[in-house]
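Dumped entry-v3.cif below, it's mmCIF, C-alpha atoms:
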```cif
data_coords
loop_
_atom_site.group_PDB
_atom_site.id
_atom_site.type_symbol
_atom_site.label_atom_id
_atom_site.label_comp_id
_atom_site.auth_asym_id
_atom_site.auth_seq_id
_atom_site.Cartn_x
_atom_site.Cartn_y
_atom_site.Cartn_z
ATOM 1 C CA MET S 71 150.244 126.567 144.976
ATOM 2 C CA THR S 72 151.044 125.951 141.336
ATOM 3 C CA LEU S 73 154.432 126.581 139.864
ATOM 4 C CA LEU S 74 154.797 128.292 136.511
ATOM 5 C CA ARG S 75 156.750 126.511 133.862
ATOM 6 C CA ALA S 76 159.264 128.631 131.947
ATOM 7 C CA ASP S 77 157.722 127.569 128.645
ATOM 8 C CA SER S 78 154.159 128.496 129.580
ATOM 9 C CA GLY S 79 152.354 131.501 128.094
ATOM 10 C CA ARG S 80 151.440 132.793 131.529
ATOM 11 C CA PHE S 81 155.104 132.772 132.567
ATOM 12 C CA SER S 82 156.012 134.783 129.460
ATOM 13 C CA LYS S 83 153.350 137.423 130.252
ATOM 14 C CA ILE S 84 154.531 137.777 133.850
ATOM 15 C CA LYS S 85 158.154 137.969 132.756
ATOM 16 C CA ALA S 86 157.292 140.691 130.210
ATOM 17 C CA ARG S 87 155.476 142.721 132.885
ATOM 18 C CA ILE S 88 158.402 142.421 135.292
ATOM 19 C CA GLU S 89 160.839 143.482 132.588
ATOM 20 C CA GLY S 90 158.618 146.487 131.842
ATOM 21 C CA VAL S 91 158.593 147.521 135.502
ATOM 22 C CA LEU S 92 162.369 147.103 135.717
ATOM 23 C CA ALA S 93 162.823 149.264 132.621
ATOM 24 C CA VAL S 94 160.815 152.053 134.260
ATOM 25 C CA PHE S 95 162.911 151.791 137.438
ATOM 26 C CA ARG S 96 166.137 151.902 135.419
ATOM 27 C CA GLU S 97 164.934 155.033 133.643
ATOM 28 C CA ILE S 98 163.914 156.754 136.874
ATOM 29 C CA LEU S 99 167.032 155.804 138.791
ATOM 30 C CA THR S 100 169.456 156.827 136.057
ATOM 31 C CA GLU S 101 168.076 160.339 135.500
ATOM 32 C CA PRO S 102 170.780 162.955 136.066
ATOM 33 C CA ILE S 103 170.556 164.878 139.317
ATOM 34 C CA ILE S 104 170.645 168.632 138.773
ATOM 35 C CA ILE S 105 171.840 169.428 142.284
ATOM 36 C CA LYS S 106 175.627 169.421 142.356
ATOM 37 C CA PRO S 107 176.830 168.308 145.788
ATOM 38 C CA SER S 108 179.974 170.423 145.415
ATOM 39 C CA ASP S 109 177.890 173.633 145.343
ATOM 40 C CA PRO S 110 176.490 174.316 148.837
ATOM 41 C CA PHE S 111 174.090 176.989 147.561
ATOM 42 C CA ARG S 112 172.485 174.602 145.071
ATOM 43 C CA VAL S 113 172.201 171.958 147.762
ATOM 44 C CA LEU S 114 170.568 174.442 150.148
ATOM 45 C CA ILE S 115 168.013 175.656 147.591
ATOM 46 C CA GLY S 116 167.464 172.063 146.457
ATOM 47 C CA CYS S 117 166.635 171.106 150.054
ATOM 48 C CA ILE S 118 164.073 173.894 150.298
ATOM 49 C CA LEU S 119 162.513 172.860 146.995
ATOM 50 C CA SER S 120 162.473 169.174 147.941
ATOM 51 C CA GLN S 121 160.235 169.683 150.968
ATOM 52 C CA ARG S 122 156.974 167.766 150.493
ATOM 53 C CA THR S 123 157.577 166.926 146.837
ATOM 54 C CA ARG S 124 158.939 164.125 144.671
ATOM 55 C CA ASP S 125 162.608 164.169 143.683
ATOM 56 C CA ALA S 126 161.766 164.491 139.996
ATOM 57 C CA ASN S 127 159.687 167.608 140.659
ATOM 58 C CA SER S 128 162.268 169.239 142.910
ATOM 59 C CA GLU S 129 164.997 168.552 140.346
ATOM 60 C CA LYS S 130 162.866 170.123 137.618
ATOM 61 C CA ALA S 131 162.249 173.153 139.842
ATOM 62 C CA CYS S 132 166.009 173.442 140.510
ATOM 63 C CA ARG S 133 166.751 173.235 136.815
ATOM 64 C CA ASN S 134 164.172 175.946 136.099
ATOM 65 C CA LEU S 135 165.331 178.292 138.863
ATOM 66 C CA PHE S 136 169.049 177.881 138.243
ATOM 67 C CA GLY S 137 168.420 178.511 134.547
ATOM 68 C CA PHE S 138 167.611 182.103 135.570
ATOM 69 C CA ALA S 139 169.946 182.650 138.512
ATOM 70 C CA GLU S 140 172.797 180.752 140.122
ATOM 71 C CA THR S 141 173.763 182.864 143.131
ATOM 72 C CA PRO S 142 171.887 184.439 146.045
ATOM 73 C CA GLU S 143 172.577 187.874 144.578
ATOM 74 C CA GLU S 144 171.100 186.880 141.193
ATOM 75 C CA ILE S 145 167.999 185.407 142.826
ATOM 76 C CA LEU S 146 167.455 188.625 144.795
ATOM 77 C CA VAL S 147 167.261 190.518 141.517
ATOM 78 C CA MET S 148 164.420 188.269 140.344
ATOM 79 C CA ASP S 149 160.788 189.209 140.853
ATOM 80 C CA ILE S 150 158.954 186.888 143.268
ATOM 81 C CA SER S 151 156.423 186.020 140.561
ATOM 82 C CA SER S 152 159.282 184.790 138.337
ATOM 83 C CA ILE S 153 160.583 182.621 141.158
ATOM 84 C CA ARG S 154 157.095 181.237 141.789
ATOM 85 C CA GLU S 155 156.621 180.399 138.133
ATOM 86 C CA SER S 156 160.008 178.701 137.835
ATOM 87 C CA ILE S 157 159.436 176.480 140.894
ATOM 88 C CA LYS S 158 155.706 175.865 140.447
ATOM 89 C CA CYS S 159 156.251 172.185 139.632
ATOM 90 C CA SER S 160 157.635 171.588 143.140
ATOM 91 C CA GLY S 161 154.317 172.382 144.819
ATOM 92 C CA PHE S 162 153.834 174.821 147.709
ATOM 93 C CA TYR S 163 155.547 177.335 145.433
ATOM 94 C CA ASN S 164 154.151 180.425 147.180
ATOM 95 C CA GLN S 165 155.742 179.467 150.494
ATOM 96 C CA LYS S 166 158.924 178.068 148.945
ATOM 97 C CA SER S 167 159.505 181.226 146.893
ATOM 98 C CA LYS S 168 159.304 183.288 150.108
ATOM 99 C CA TYR S 169 161.723 180.915 151.834
ATOM 100 C CA ILE S 170 164.156 181.132 148.924
ATOM 101 C CA LEU S 171 164.071 184.948 148.863
ATOM 102 C CA ASP S 172 164.395 185.214 152.644
ATOM 103 C CA THR S 173 167.249 182.708 152.661
ATOM 104 C CA CYS S 174 169.070 184.595 149.894
ATOM 105 C CA ARG S 175 168.590 187.880 151.788
ATOM 106 C CA GLN S 176 170.042 186.296 154.915
ATOM 107 C CA LEU S 177 172.967 184.809 153.016
ATOM 108 C CA VAL S 178 173.868 188.146 151.428
ATOM 109 C CA ALA S 179 173.307 190.247 154.582
ATOM 110 C CA ASN S 180 174.833 187.932 157.177
ATOM 111 C CA HIS S 181 177.165 185.524 155.392
ATOM 112 C CA ASP S 182 178.667 187.427 152.437
ATOM 113 C CA GLY S 183 176.511 185.406 150.041
ATOM 114 C CA LYS S 184 177.974 182.101 151.229
ATOM 115 C CA VAL S 185 176.173 179.162 152.816
ATOM 116 C CA PRO S 186 177.035 178.845 156.515
ATOM 117 C CA ARG S 187 179.152 175.868 157.489
ATOM 118 C CA THR S 188 177.761 175.145 160.932
ATOM 119 C CA ARG S 189 174.502 173.404 161.763
ATOM 120 C CA GLU S 190 173.482 176.166 164.148
ATOM 121 C CA GLU S 191 173.859 178.850 161.474
ATOM 122 C CA LEU S 192 172.061 176.740 158.866
ATOM 123 C CA LEU S 193 169.103 176.269 161.172
ATOM 124 C CA THR S 194 168.626 180.045 161.412
ATOM 125 C CA LEU S 195 167.880 180.276 157.685
ATOM 126 C CA HIS S 196 164.252 180.546 156.604
ATOM 127 C CA GLY S 197 162.938 177.280 155.202
ATOM 128 C CA VAL S 198 165.694 175.265 156.848
ATOM 129 C CA GLY S 199 165.242 175.381 160.619
#
```
structure tokens encoding of this file:
Amino acid sequence: MTLLRADSGRFSKIKARIEGVLAVFREILTEPIIIKPSDPFRVLIGCILSQRTRDANSEKACRNLFGFAETPEEILVMDISSIRESIKCSGFYNQKSKYILDTCRQLVANHDGKVPRTREELLTLHGVG
């Protein structure tokens, strides 16, 4: 095994590559998160959107969807094709749009538009349990 000297050209190339990788990680890890933990509805919809997708894509889908509607009642007014289009980047958008609409219907009909506070109630929602 040969050791690299700090003044060697090969060392400089490796160091530059590592610094490049670290810069990418810093950029990825410091992106703002669109889901506000203080808003249970956003967290719930964010969880549905995050299923089987990367965080960056689910955050983009959240940003898109919540740009149109921010409450279960507002989402219920939306056409399903508009929901699909706004969350397309999250993948599985046909199924997720159905889950989101069904969940919003349940929230409005059974919980006065509020996210349930118990695990048992949460697990009855479409796309959650």
Nearest to S:Asn164 by atom-to-atom distance, counting all atoms listed in the file, from S:Met148, S:Leu119, S:Ala179, S:Arg112: S:Leu119
Using only C-alpha atoms: which of S:Val185, S:Lys158, S:Lys166, S:Leu146 has the shortest distance to S:Val113: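 Smallest separation from S:Val113 among the options: S:Val185.
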Evaluate the PyMOL selection byres ((chain S and resi 129-142) around 7) on the structure here and hand back the selected residues as a PyMOL selection string. chain S and resi 103-104+116+125-128+143-146+153+156-157+159-160+174+178+183
What does the PyMOL selection byres ((chain S and resi 198) around 9) select in this file, as a list in words?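 Applied to this file, the PyMOL selection byres ((chain S and resi 198) around 9) selects Leu114, Cys117, Ile118, Tyr169, Thr173, Leu192, Leu193, Thr194, Leu195, His196, Gly197 and Gly199 of chain S.
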Result set of the PyMOL selection byres ((chain S and resi 122) around 9) on the coordinates above, as a PDB file with C-alpha atoms, in the frame of the given file:
```
ATOM      1  CA  LEU S 119     162.513 172.860 146.995  1.00  0.00           C
ATOM      2  CA  SER S 120     162.473 169.174 147.941  1.00  0.00           C
ATOM      3  CA  GLN S 121     160.235 169.683 150.968  1.00  0.00           C
ATOM      4  CA  THR S 123     157.577 166.926 146.837  1.00  0.00           C
ATOM      5  CA  ARG S 124     158.939 164.125 144.671  1.00  0.00           C
ATOM      6  CA  SER S 160     157.635 171.588 143.140  1.00  0.00           C
ATOM      7  CA  GLY S 161     154.317 172.382 144.819  1.00  0.00           C
ATOM      8  CA  PHE S 162     153.834 174.821 147.709  1.00  0.00           C
TER       9      PHE S 162
END
```
To one decimal place in Å, what is the distance between atom CA of S:Arg189 and atom CA of S:Ile170? 18.2 Å
Separation of atom CA of S:Pro110 and atom CA of S:Glu190, in Å? 15.7 Å
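The gap separating atom CA of S:Arg187 from atom CA of S:Leu171 is 19.6 Å, in Å to one decimal.
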